[in-house]
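Have a look at coords05.tsv; it's TSV, N, CA and C atoms:
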chain	number	residue	atom	x	y	z
A	29	MET	N	95.01	80.42	79.40
A	29	MET	CA	93.86	80.81	80.19
A	29	MET	C	93.78	82.34	80.27
A	30	ALA	N	92.59	82.85	80.05
A	30	ALA	CA	92.39	84.30	80.02
A	30	ALA	C	92.64	84.94	81.38
A	31	HIS	N	92.27	84.25	82.45
A	31	HIS	CA	92.46	84.87	83.77
A	31	HIS	C	93.93	85.08	84.10
A	32	ARG	N	94.80	84.26	83.55
A	32	ARG	CA	96.23	84.46	83.80
A	32	ARG	C	96.72	85.76	83.16
A	33	ASP	N	96.17	86.11	82.00
A	33	ASP	CA	96.52	87.39	81.37
A	33	ASP	C	96.08	88.56	82.23
A	34	HIS	N	94.88	88.46	82.80
A	34	HIS	CA	94.38	89.51	83.68
A	34	HIS	C	95.24	89.58	84.95
A	35	ALA	N	95.60	88.42	85.47
A	35	ALA	CA	96.43	88.38	86.67
A	35	ALA	C	97.78	89.03	86.41
A	36	ARG	N	98.38	88.71	85.26
A	36	ARG	CA	99.67	89.32	84.91
A	36	ARG	C	99.54	90.83	84.79
A	37	ARG	N	98.41	91.30	84.29
A	37	ARG	CA	98.17	92.73	84.16
A	37	ARG	C	98.22	93.41	85.53
A	38	PHE	N	97.64	92.77	86.55
A	38	PHE	CA	97.68	93.38	87.89
A	38	PHE	C	99.07	93.35	88.50
A	39	ILE	N	99.83	92.32	88.20
A	39	ILE	CA	101.22	92.29	88.67
A	39	ILE	C	101.99	93.45	88.05
A	40	LEU	N	101.80	93.67	86.75
A	40	LEU	CA	102.45	94.78	86.06
A	40	LEU	C	101.97	96.13	86.57
A	41	LEU	N	100.65	96.31	86.65
A	41	LEU	CA	100.10	97.59	87.14
A	41	LEU	C	100.51	97.88	88.58
A	42	GLY	N	100.56	96.83	89.39
A	42	GLY	CA	101.00	97.01	90.77
A	42	GLY	C	102.45	97.46	90.84
A	43	GLY	N	103.30	96.85	90.01
A	43	GLY	CA	104.71	97.25	89.98
A	43	GLY	C	104.89	98.68	89.50
A	44	ILE	N	104.14	99.05	88.47
A	44	ILE	CA	104.21	100.43	87.96
A	44	ILE	C	103.74	101.40	89.03
A	45	ASN	N	102.66	101.08	89.72
A	45	ASN	CA	102.15	101.96	90.77
A	45	ASN	C	103.10	102.05	91.95
A	46	ALA	N	103.77	100.95	92.28
A	46	ALA	CA	104.76	100.99	93.36
A	46	ALA	C	105.92	101.90	92.99
A	47	ALA	N	106.39	101.79	91.75
A	47	ALA	CA	107.46	102.66	91.28
A	47	ALA	C	107.02	104.12	91.29
A	48	LEU	N	105.78	104.37	90.89
A	48	LEU	CA	105.24	105.73	90.91
A	48	LEU	C	105.18	106.26	92.34
A	49	ALA	N	104.80	105.41	93.28
A	49	ALA	CA	104.76	105.84	94.69
A	49	ALA	C	106.16	106.20	95.19
A	50	VAL	N	107.16	105.44	94.80
A	50	VAL	CA	108.54	105.75	95.19
A	50	VAL	C	108.95	107.10	94.60
A	51	GLY	N	108.65	107.30	93.33
A	51	GLY	CA	108.98	108.57	92.68
A	51	GLY	C	108.27	109.75	93.33
A	52	LEU	N	107.00	109.58	93.64
A	52	LEU	CA	106.26	110.66	94.31
A	52	LEU	C	106.83	110.93	95.69
A	53	GLY	N	107.20	109.86	96.40
A	53	GLY	CA	107.79	110.05	97.73
A	53	GLY	C	109.10	110.83	97.66
A	54	ALA	N	109.93	110.52	96.68
A	54	ALA	CA	111.20	111.24	96.52
A	54	ALA	C	110.93	112.69	96.14
A	55	PHE	N	109.97	112.91	95.24
A	55	PHE	CA	109.60	114.27	94.86
A	55	PHE	C	109.12	115.06	96.08
A	56	GLY	N	108.32	114.41	96.91
A	56	GLY	CA	107.83	115.08	98.12
A	56	GLY	C	108.94	115.41	99.10
A	57	ALA	N	109.87	114.46	99.27
A	57	ALA	CA	110.96	114.67	100.23
A	57	ALA	C	111.94	115.73	99.78
A	58	HIS	N	112.19	115.82	98.48
A	58	HIS	CA	113.23	116.72	97.99
A	58	HIS	C	112.71	118.06	97.47
A	59	ILE	N	111.51	118.09	96.98
A	59	ILE	CA	110.99	119.32	96.38
A	59	ILE	C	109.84	119.90	97.22
A	60	LEU	N	108.83	119.08	97.45
A	60	LEU	CA	107.63	119.59	98.12
A	60	LEU	C	107.84	119.92	99.59
A	61	ALA	N	108.83	119.31	100.21
A	61	ALA	CA	109.10	119.59	101.62
A	61	ALA	C	109.44	121.07	101.84
A	62	GLN	N	109.94	121.72	100.81
A	62	GLN	CA	110.29	123.13	100.91
A	62	GLN	C	109.13	124.05	100.53
A	63	ILE	N	108.07	123.48	99.94
A	63	ILE	CA	106.96	124.28	99.43
A	63	ILE	C	105.70	124.14	100.29
A	64	LEU	N	105.39	122.91	100.71
A	64	LEU	CA	104.14	122.64	101.42
A	64	LEU	C	104.24	122.96	102.89
A	65	THR	N	103.10	123.24	103.49
A	65	THR	CA	103.05	123.42	104.95
A	65	THR	C	103.18	122.04	105.60
A	66	GLY	N	103.34	122.03	106.90
A	66	GLY	CA	103.45	120.76	107.63
A	66	GLY	C	102.23	119.87	107.44
A	67	ALA	N	101.04	120.46	107.53
A	67	ALA	CA	99.80	119.69	107.36
A	67	ALA	C	99.67	119.17	105.93
A	68	GLN	N	100.05	119.99	104.97
A	68	GLN	CA	99.99	119.56	103.57
A	68	GLN	C	100.98	118.43	103.30
A	69	LEU	N	102.15	118.53	103.88
A	69	LEU	CA	103.16	117.48	103.70
A	69	LEU	C	102.69	116.17	104.32
A	70	THR	N	102.01	116.25	105.45
A	70	THR	CA	101.44	115.05	106.08
A	70	THR	C	100.40	114.41	105.16
A	71	THR	N	99.56	115.23	104.55
A	71	THR	CA	98.57	114.72	103.60
A	71	THR	C	99.25	114.05	102.42
A	72	PHE	N	100.30	114.67	101.91
A	72	PHE	CA	101.03	114.09	100.78
A	72	PHE	C	101.65	112.75	101.17
A	73	LYS	N	102.26	112.69	102.34
A	73	LYS	CA	102.89	111.44	102.80
A	73	LYS	C	101.85	110.34	102.96
A	74	THR	N	100.65	110.71	103.45
A	74	THR	CA	99.57	109.73	103.59
A	74	THR	C	99.19	109.17	102.22
A	75	ALA	N	99.06	110.04	101.24
A	75	ALA	CA	98.70	109.60	99.89
A	75	ALA	C	99.75	108.66	99.32
A	76	VAL	N	101.02	108.99	99.49
A	76	VAL	CA	102.10	108.16	98.96
A	76	VAL	C	102.15	106.82	99.69
A	77	TYR	N	101.97	106.84	100.99
A	77	TYR	CA	101.98	105.60	101.79
A	77	TYR	C	100.86	104.67	101.33
A	78	TYR	N	99.66	105.20	101.23
A	78	TYR	CA	98.52	104.38	100.80
A	78	TYR	C	98.70	103.92	99.36
A	79	HIS	N	99.30	104.74	98.54
A	79	HIS	CA	99.57	104.36	97.16
A	79	HIS	C	100.48	103.12	97.13
A	80	MET	N	101.54	103.14	97.92
A	80	MET	CA	102.48	102.02	97.93
A	80	MET	C	101.84	100.75	98.49
A	81	ILE	N	101.17	100.87	99.62
A	81	ILE	CA	100.56	99.69	100.25
A	81	ILE	C	99.58	99.02	99.29
A	82	HIS	N	98.78	99.82	98.61
A	82	HIS	CA	97.75	99.24	97.75
A	82	HIS	C	98.29	98.83	96.38
A	83	ALA	N	99.41	99.39	95.97
A	83	ALA	CA	100.10	98.87	94.79
A	83	ALA	C	100.60	97.45	95.08
A	84	LEU	N	101.12	97.24	96.28
A	84	LEU	CA	101.55	95.90	96.68
A	84	LEU	C	100.36	94.96	96.79
A	85	GLY	N	99.21	95.49	97.25
A	85	GLY	CA	97.99	94.69	97.28
A	85	GLY	C	97.59	94.25	95.88
A	86	MET	N	97.78	95.13	94.91
A	86	MET	CA	97.46	94.80	93.52
A	86	MET	C	98.38	93.68	93.01
A	87	VAL	N	99.65	93.74	93.33
A	87	VAL	CA	100.59	92.69	92.95
A	87	VAL	C	100.15	91.37	93.61
A	88	LEU	N	99.80	91.42	94.88
A	88	LEU	CA	99.36	90.23	95.60
A	88	LEU	C	98.11	89.64	94.94
A	89	ALA	N	97.16	90.48	94.59
A	89	ALA	CA	95.95	90.00	93.93
A	89	ALA	C	96.30	89.30	92.62
A	90	GLY	N	97.21	89.88	91.85
A	90	GLY	CA	97.63	89.27	90.60
A	90	GLY	C	98.33	87.94	90.80
A	91	LEU	N	99.21	87.88	91.79
A	91	LEU	CA	99.92	86.63	92.06
A	91	LEU	C	98.96	85.53	92.51
A	92	MET	N	98.06	85.90	93.41
A	92	MET	CA	97.10	84.90	93.89
A	92	MET	C	96.19	84.44	92.75
A	93	ALA	N	95.72	85.37	91.93
A	93	ALA	CA	94.83	85.01	90.82
A	93	ALA	C	95.53	84.14	89.80
A	94	SER	N	96.82	84.36	89.59
A	94	SER	CA	97.54	83.58	88.58
A	94	SER	C	97.70	82.12	88.98
A	95	HIS	N	97.57	81.83	90.27
A	95	HIS	CA	97.71	80.45	90.76
A	95	HIS	C	96.39	79.85	91.21
A	96	SER	N	95.30	80.50	90.86
A	96	SER	CA	94.00	80.07	91.35
A	96	SER	C	93.14	79.52	90.22
A	97	GLU	N	92.34	78.54	90.56
A	97	GLU	CA	91.36	78.02	89.60
A	97	GLU	C	90.06	78.83	89.67
A	98	LYS	N	89.90	79.62	90.73
A	98	LYS	CA	88.71	80.46	90.92
A	98	LYS	C	89.17	81.90	91.18
A	99	PRO	N	89.64	82.59	90.13
A	99	PRO	CA	90.29	83.89	90.34
A	99	PRO	C	89.35	85.10	90.32
A	100	ARG	N	88.06	84.91	90.08
A	100	ARG	CA	87.16	86.05	89.85
A	100	ARG	C	87.24	87.12	90.94
A	101	MET	N	87.06	86.73	92.20
A	101	MET	CA	87.10	87.73	93.28
A	101	MET	C	88.49	88.33	93.43
A	102	LEU	N	89.51	87.54	93.19
A	102	LEU	CA	90.87	88.06	93.29
A	102	LEU	C	91.12	89.12	92.23
A	103	LEU	N	90.61	88.88	91.02
A	103	LEU	CA	90.76	89.87	89.96
A	103	LEU	C	89.94	91.13	90.27
A	104	TRP	N	88.75	90.94	90.83
A	104	TRP	CA	87.95	92.11	91.23
A	104	TRP	C	88.71	92.94	92.27
A	105	SER	N	89.39	92.27	93.18
A	105	SER	CA	90.14	93.03	94.20
A	105	SER	C	91.25	93.85	93.55
A	106	GLY	N	91.87	93.31	92.50
A	106	GLY	CA	92.89	94.07	91.78
A	106	GLY	C	92.33	95.35	91.18
A	107	TRP	N	91.14	95.25	90.56
A	107	TRP	CA	90.49	96.45	90.01
A	107	TRP	C	90.13	97.44	91.11
A	108	MET	N	89.69	96.93	92.26
A	108	MET	CA	89.34	97.83	93.36
A	108	MET	C	90.57	98.52	93.94
A	109	PHE	N	91.70	97.80	94.02
A	109	PHE	CA	92.94	98.46	94.46
A	109	PHE	C	93.29	99.61	93.53
A	110	LEU	N	93.20	99.36	92.22
A	110	LEU	CA	93.52	100.41	91.25
A	110	LEU	C	92.55	101.59	91.38
A	111	ALA	N	91.26	101.30	91.50
A	111	ALA	CA	90.27	102.37	91.66
A	111	ALA	C	90.51	103.15	92.94
A	112	GLY	N	90.86	102.45	94.01
A	112	GLY	CA	91.14	103.13	95.28
A	112	GLY	C	92.34	104.05	95.19
A	113	ILE	N	93.37	103.61	94.48
A	113	ILE	CA	94.55	104.46	94.31
A	113	ILE	C	94.16	105.74	93.57
A	114	VAL	N	93.39	105.58	92.50
A	114	VAL	CA	92.98	106.76	91.72
A	114	VAL	C	92.10	107.68	92.57
A	115	LEU	N	91.11	107.10	93.26
A	115	LEU	CA	90.16	107.92	94.02
A	115	LEU	C	90.76	108.50	95.28
A	116	PHE	N	91.36	107.66	96.11
A	116	PHE	CA	91.88	108.13	97.40
A	116	PHE	C	93.14	108.96	97.23
A	117	CYS	N	94.17	108.35	96.64
A	117	CYS	CA	95.45	109.04	96.51
A	117	CYS	C	95.34	110.20	95.53
A	118	GLY	N	94.64	109.97	94.43
A	118	GLY	CA	94.47	111.04	93.45
A	118	GLY	C	93.76	112.25	94.02
A	119	SER	N	92.72	112.01	94.83
A	119	SER	CA	92.00	113.16	95.40
A	119	SER	C	92.86	113.89	96.43
A	120	LEU	N	93.66	113.16	97.20
A	120	LEU	CA	94.55	113.84	98.15
A	120	LEU	C	95.60	114.67	97.42
A	121	HIS	N	96.16	114.12	96.37
A	121	HIS	CA	97.12	114.90	95.58
A	121	HIS	C	96.43	116.11	94.95
A	122	GLY	N	95.21	115.91	94.48
A	122	GLY	CA	94.45	117.00	93.89
A	122	GLY	C	94.19	118.13	94.87
A	123	LEU	N	93.89	117.75	96.11
A	123	LEU	CA	93.63	118.78	97.14
A	123	LEU	C	94.87	119.63	97.42
A	124	LEU	N	96.04	119.09	97.13
A	124	LEU	CA	97.28	119.84	97.36
A	124	LEU	C	97.66	120.72	96.18
A	125	THR	N	96.92	120.61	95.10
A	125	THR	CA	97.18	121.42	93.92
A	125	THR	C	96.05	122.43	93.76
A	126	SER	N	95.90	122.91	92.57
A	126	SER	CA	94.86	123.91	92.32
A	126	SER	C	93.52	123.27	91.94
A	127	ALA	N	93.36	121.97	92.19
A	127	ALA	CA	92.09	121.30	91.89
A	127	ALA	C	90.99	121.88	92.78
A	128	PRO	N	89.75	121.86	92.31
A	128	PRO	CA	88.65	122.38	93.13
A	128	PRO	C	88.48	121.57	94.41
A	129	ARG	N	88.03	122.22	95.46
A	129	ARG	CA	87.90	121.59	96.77
A	129	ARG	C	86.93	120.41	96.78
A	130	TRP	N	85.94	120.44	95.87
A	130	TRP	CA	84.95	119.36	95.85
A	130	TRP	C	85.57	118.01	95.49
A	131	ILE	N	86.80	118.02	94.99
A	131	ILE	CA	87.45	116.75	94.65
A	131	ILE	C	87.68	115.91	95.90
A	132	GLY	N	87.68	116.55	97.05
A	132	GLY	CA	87.85	115.84	98.32
A	132	GLY	C	86.75	114.83	98.61
A	133	ILE	N	85.61	114.94	97.93
A	133	ILE	CA	84.52	113.98	98.13
A	133	ILE	C	84.96	112.57	97.72
A	134	PHE	N	85.95	112.47	96.84
A	134	PHE	CA	86.39	111.16	96.37
A	134	PHE	C	87.33	110.45	97.35
A	135	THR	N	87.86	111.18	98.32
A	135	THR	CA	88.79	110.57	99.28
A	135	THR	C	88.12	109.46	100.09
A	136	PRO	N	86.97	109.70	100.74
A	136	PRO	CA	86.36	108.59	101.48
A	136	PRO	C	85.84	107.48	100.58
A	137	VAL	N	85.42	107.82	99.37
A	137	VAL	CA	84.99	106.79	98.42
A	137	VAL	C	86.17	105.87	98.12
A	138	GLY	N	87.33	106.46	97.91
A	138	GLY	CA	88.54	105.66	97.68
A	138	GLY	C	88.91	104.82	98.89
A	139	GLY	N	88.72	105.37	100.08
A	139	GLY	CA	89.00	104.61	101.31
A	139	GLY	C	88.10	103.39	101.42
A	140	PHE	N	86.82	103.57	101.15
A	140	PHE	CA	85.89	102.44	101.17
A	140	PHE	C	86.24	101.43	100.08
A	141	THR	N	86.72	101.92	98.95
A	141	THR	CA	87.13	101.03	97.86
A	141	THR	C	88.33	100.19	98.29
A	142	PHE	N	89.26	100.80	99.02
A	142	PHE	CA	90.40	100.05	99.55
A	142	PHE	C	89.92	98.95	100.50
A	143	MET	N	89.00	99.30	101.40
A	143	MET	CA	88.49	98.30	102.34
A	143	MET	C	87.81	97.16	101.61
A	144	ALA	N	87.01	97.50	100.60
A	144	ALA	CA	86.33	96.46	99.81
A	144	ALA	C	87.34	95.59	99.08
A	145	ALA	N	88.42	96.20	98.60
A	145	ALA	CA	89.46	95.44	97.90
A	145	ALA	C	90.10	94.41	98.83
A	146	TRP	N	90.44	94.83	100.05
A	146	TRP	CA	91.07	93.89	100.99
A	146	TRP	C	90.10	92.79	101.40
A	147	MET	N	88.84	93.14	101.62
A	147	MET	CA	87.86	92.12	101.98
A	147	MET	C	87.66	91.14	100.82
A	148	THR	N	87.58	91.66	99.60
A	148	THR	CA	87.41	90.81	98.43
A	148	THR	C	88.63	89.92	98.23
A	149	LEU	N	89.80	90.46	98.47
A	149	LEU	CA	91.02	89.66	98.37
A	149	LEU	C	91.00	88.52	99.38
A	150	GLY	N	90.62	88.83	100.60
A	150	GLY	CA	90.56	87.81	101.64
A	150	GLY	C	89.54	86.73	101.34
A	151	ILE	N	88.34	87.13	100.99
A	151	ILE	CA	87.28	86.17	100.68
A	151	ILE	C	87.64	85.38	99.43
A	152	GLY	N	88.14	86.08	98.41
A	152	GLY	CA	88.54	85.40	97.18
A	152	GLY	C	89.66	84.40	97.41
A	153	GLY	N	90.62	84.78	98.23
A	153	GLY	CA	91.71	83.86	98.55
A	153	GLY	C	91.22	82.66	99.33
A	154	TYR	N	90.32	82.89	100.27
A	154	TYR	CA	89.75	81.78	101.04
A	154	TYR	C	89.01	80.82	100.13
A	155	ARG	N	88.21	81.35	99.24
A	155	ARG	CA	87.45	80.50	98.32
A	155	ARG	C	88.35	79.81	97.30
A	156	ALA	N	89.33	80.52	96.81
A	156	ALA	CA	90.20	79.97	95.77
A	156	ALA	C	91.10	78.87	96.30
A	157	TYR	N	91.49	78.98	97.55
A	157	TYR	CA	92.43	78.02	98.10
A	157	TYR	C	91.80	77.11	99.14
A	158	ASN	N	90.47	77.06	99.17
A	158	ASN	CA	89.76	76.19	100.08
A	158	ASN	C	89.66	74.81	99.43
A	159	VAL	N	90.74	74.05	99.55
A	159	VAL	CA	90.82	72.73	98.93
A	159	VAL	C	90.20	71.72	99.87
A	160	PRO	N	89.26	70.89	99.36
A	160	PRO	CA	88.65	69.89	100.23
A	160	PRO	C	89.69	68.88	100.72
A	161	LYS	N	89.47	68.41	101.94
A	161	LYS	CA	90.39	67.41	102.51
A	161	LYS	C	90.17	66.07	101.84
A	162	VAL	N	91.22	65.28	101.80
A	162	VAL	CA	91.14	63.95	101.25
A	162	VAL	C	90.39	63.06	102.24
A	163	PRO	N	89.41	62.28	101.76
A	163	PRO	CA	88.70	61.40	102.69
A	163	PRO	C	89.66	60.45	103.40
A	164	LYS	N	89.30	60.06	104.64
A	164	LYS	CA	90.18	59.24	105.46
A	164	LYS	C	90.51	57.91	104.81
A	165	GLU	N	89.59	57.36	104.02
A	165	GLU	CA	89.89	56.06	103.41
A	165	GLU	C	91.04	56.15	102.40
A	166	TYR	N	91.39	57.37	101.97
A	166	TYR	CA	92.50	57.54	101.04
A	166	TYR	C	93.79	57.96	101.76
A	167	GLY	N	93.75	58.04	103.03
A	167	GLY	CA	94.95	58.40	103.80
A	167	GLY	C	94.88	59.85	104.27
A	168	ASP	N	95.90	60.25	105.02
A	168	ASP	CA	95.92	61.60	105.58
A	168	ASP	C	96.47	62.57	104.62
Step by step, read the file and then write its structure as structure tokens.
Amino acid sequence: MAHRDHARRFILLGGINAALAVGLGAFGAHILAQILTGAQLTTFKTAVYYHMIHALGMVLAGLMASHSEKPRMLLWSGWMFLAGIVLFCGSLHGLLTSAPRWIGIFTPVGGFTFMAAWMTLGIGGYRAYNVPKVPKEYGD
């Protein structure tokens, strides 16, 4: 089934992104803590935290989709998690570097993408696992 290949892709991408978040967190704690201001370090920590949480969301979307007969919304949520990581976390990291200030416009877009991903995951999971009850004449 083709959807299982897509689901496996999100499990893999989620794992890679989680590992990347761990690496970025270690880099921030050991290197950037000596370079960035307190406010900048807080921004960096926020980006890494959101990166990790939504990488795990991507893994969850992949796992749910791999066991679903109706995976479409679950797979869409995986793409939205990935887009949110790029837009939200990427723009925050960009703001801490020499990237132009206008890159900050992508931060709220990424935040809304994260919200849409979680809503899509919830609705997709509800639809995918909404199994009809067995009629009473067939037992409980």
Counting only C-alpha atoms, the option among A:Met101, A:Ala145, A:Ala83, A:Ala61 closest to A:His31: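 Answer, going by the shortest atom-to-atom distance: A:Met101.
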Close residues, stretch 103-106 of chain A itself excluded, 6.5 Å, all atoms listed in the file, min 3 positions apart in chain, as a ChimeraX atom specification: /A:38,85-86,89-90,93,99-100,109-111,144-146,148-149
Saved selection, atoms kept: N, CA and C atoms, as a compact mmCIF listing (two decimals), keeping the file's coordinate frame:
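The result, written out as selection17.txt:
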# COMPACT_ATOMS: atom_id res chain seq x y z
N PHE A 38 97.64 92.77 86.55
CA PHE A 38 97.68 93.38 87.89
C PHE A 38 99.07 93.35 88.50
N GLY A 85 99.21 95.49 97.25
CA GLY A 85 97.99 94.69 97.28
C GLY A 85 97.59 94.25 95.88
N MET A 86 97.78 95.13 94.91
CA MET A 86 97.46 94.80 93.52
C MET A 86 98.38 93.68 93.01
N ALA A 89 97.16 90.48 94.59
CA ALA A 89 95.95 90.00 93.93
C ALA A 89 96.30 89.30 92.62
N GLY A 90 97.21 89.88 91.85
CA GLY A 90 97.63 89.27 90.60
C GLY A 90 98.33 87.94 90.80
N ALA A 93 95.72 85.37 91.93
CA ALA A 93 94.83 85.01 90.82
C ALA A 93 95.53 84.14 89.80
N PRO A 99 89.64 82.59 90.13
CA PRO A 99 90.29 83.89 90.34
C PRO A 99 89.35 85.10 90.32
N ARG A 100 88.06 84.91 90.08
CA ARG A 100 87.16 86.05 89.85
C ARG A 100 87.24 87.12 90.94
N PHE A 109 91.70 97.80 94.02
CA PHE A 109 92.94 98.46 94.46
C PHE A 109 93.29 99.61 93.53
N LEU A 110 93.20 99.36 92.22
CA LEU A 110 93.52 100.41 91.25
C LEU A 110 92.55 101.59 91.38
N ALA A 111 91.26 101.30 91.50
CA ALA A 111 90.27 102.37 91.66
C ALA A 111 90.51 103.15 92.94
N ALA A 144 87.01 97.50 100.60
CA ALA A 144 86.33 96.46 99.81
C ALA A 144 87.34 95.59 99.08
N ALA A 145 88.42 96.20 98.60
CA ALA A 145 89.46 95.44 97.90
C ALA A 145 90.10 94.41 98.83
N TRP A 146 90.44 94.83 100.05
CA TRP A 146 91.07 93.89 100.99
C TRP A 146 90.10 92.79 101.40
N THR A 148 87.58 91.66 99.60
CA THR A 148 87.41 90.81 98.43
C THR A 148 88.63 89.92 98.23
N LEU A 149 89.80 90.46 98.47
CA LEU A 149 91.02 89.66 98.37
C LEU A 149 91.00 88.52 99.38
For atom C of A:Leu84 and atom N of A:Ile131, the interatomic separation in Å (one decimal):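 Between atom C of A:Leu84 and atom N of A:Ile131 the gap works out to 26.8 Å.
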Contacts of A:Met92 within 10 Å, only C-alpha atoms, excl. fewer than 4 positions in-chain, as number ranges by chain: A: 35, 39, 86-88, 96-99, 102-103, 149, 152-153, 156-157
Expected file: the selected residues, N, CA and C atoms, as a PDB file, in the frame of the given file:
ATOM      1  N   ALA A  35      95.600  88.420  85.470  1.00  0.00           N
ATOM      2  CA  ALA A  35      96.430  88.380  86.670  1.00  0.00           C
ATOM      3  C   ALA A  35      97.780  89.030  86.410  1.00  0.00           C
ATOM      4  N   ILE A  39      99.830  92.320  88.200  1.00  0.00           N
ATOM      5  CA  ILE A  39     101.220  92.290  88.670  1.00  0.00           C
ATOM      6  C   ILE A  39     101.990  93.450  88.050  1.00  0.00           C
ATOM      7  N   MET A  86      97.780  95.130  94.910  1.00  0.00           N
ATOM      8  CA  MET A  86      97.460  94.800  93.520  1.00  0.00           C
ATOM      9  C   MET A  86      98.380  93.680  93.010  1.00  0.00           C
ATOM     10  N   VAL A  87      99.650  93.740  93.330  1.00  0.00           N
ATOM     11  CA  VAL A  87     100.590  92.690  92.950  1.00  0.00           C
ATOM     12  C   VAL A  87     100.150  91.370  93.610  1.00  0.00           C
ATOM     13  N   LEU A  88      99.800  91.420  94.880  1.00  0.00           N
ATOM     14  CA  LEU A  88      99.360  90.230  95.600  1.00  0.00           C
ATOM     15  C   LEU A  88      98.110  89.640  94.940  1.00  0.00           C
ATOM     16  N   SER A  96      95.300  80.500  90.860  1.00  0.00           N
ATOM     17  CA  SER A  96      94.000  80.070  91.350  1.00  0.00           C
ATOM     18  C   SER A  96      93.140  79.520  90.220  1.00  0.00           C
ATOM     19  N   GLU A  97      92.340  78.540  90.560  1.00  0.00           N
ATOM     20  CA  GLU A  97      91.360  78.020  89.600  1.00  0.00           C
ATOM     21  C   GLU A  97      90.060  78.830  89.670  1.00  0.00           C
ATOM     22  N   LYS A  98      89.900  79.620  90.730  1.00  0.00           N
ATOM     23  CA  LYS A  98      88.710  80.460  90.920  1.00  0.00           C
ATOM     24  C   LYS A  98      89.170  81.900  91.180  1.00  0.00           C
ATOM     25  N   PRO A  99      89.640  82.590  90.130  1.00  0.00           N
ATOM     26  CA  PRO A  99      90.290  83.890  90.340  1.00  0.00           C
ATOM     27  C   PRO A  99      89.350  85.100  90.320  1.00  0.00           C
ATOM     28  N   LEU A 102      89.510  87.540  93.190  1.00  0.00           N
ATOM     29  CA  LEU A 102      90.870  88.060  93.290  1.00  0.00           C
ATOM     30  C   LEU A 102      91.120  89.120  92.230  1.00  0.00           C
ATOM     31  N   LEU A 103      90.610  88.880  91.020  1.00  0.00           N
ATOM     32  CA  LEU A 103      90.760  89.870  89.960  1.00  0.00           C
ATOM     33  C   LEU A 103      89.940  91.130  90.270  1.00  0.00           C
ATOM     34  N   LEU A 149      89.800  90.460  98.470  1.00  0.00           N
ATOM     35  CA  LEU A 149      91.020  89.660  98.370  1.00  0.00           C
ATOM     36  C   LEU A 149      91.000  88.520  99.380  1.00  0.00           C
ATOM     37  N   GLY A 152      88.140  86.080  98.410  1.00  0.00           N
ATOM     38  CA  GLY A 152      88.540  85.400  97.180  1.00  0.00           C
ATOM     39  C   GLY A 152      89.660  84.400  97.410  1.00  0.00           C
ATOM     40  N   GLY A 153      90.620  84.780  98.230  1.00  0.00           N
ATOM     41  CA  GLY A 153      91.710  83.860  98.550  1.00  0.00           C
ATOM     42  C   GLY A 153      91.220  82.660  99.330  1.00  0.00           C
ATOM     43  N   ALA A 156      89.330  80.520  96.810  1.00  0.00           N
ATOM     44  CA  ALA A 156      90.200  79.970  95.770  1.00  0.00           C
ATOM     45  C   ALA A 156      91.100  78.870  96.300  1.00  0.00           C
ATOM     46  N   TYR A 157      91.490  78.980  97.550  1.00  0.00           N
ATOM     47  CA  TYR A 157      92.430  78.020  98.100  1.00  0.00           C
ATOM     48  C   TYR A 157      91.800  77.110  99.140  1.00  0.00           C
TER      49      TYR A 157
END
Atom pair atom C of A:Val114 / atom N of A:Thr135: separation (Å):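 Those two atoms sit 8.0 Å apart.
With all atoms listed in the file as the basis for measurement, A:Val76 is the residue among A:Ile151, A:Ile113, A:Val76, A:Leu123 that approaches A:Leu52 most closely.
Atom to atom, atom N of A:Thr71 and atom CA of A:Gly42 stand 22.9 Å apart.
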Polymer residues at most 7 Å from stretch 73-75 of chain A, all atoms listed in the file, same-chain spacing of 2 or more positions, as a VMD selection string: chain A and resid 68 to 71 77 to 80 116 to 118 120 to 121
Residue among A:Tyr154, A:Phe55, A:Phe134, A:Phe142 lying closest to A:Ser119, counting only C-alpha atoms: A:Phe134
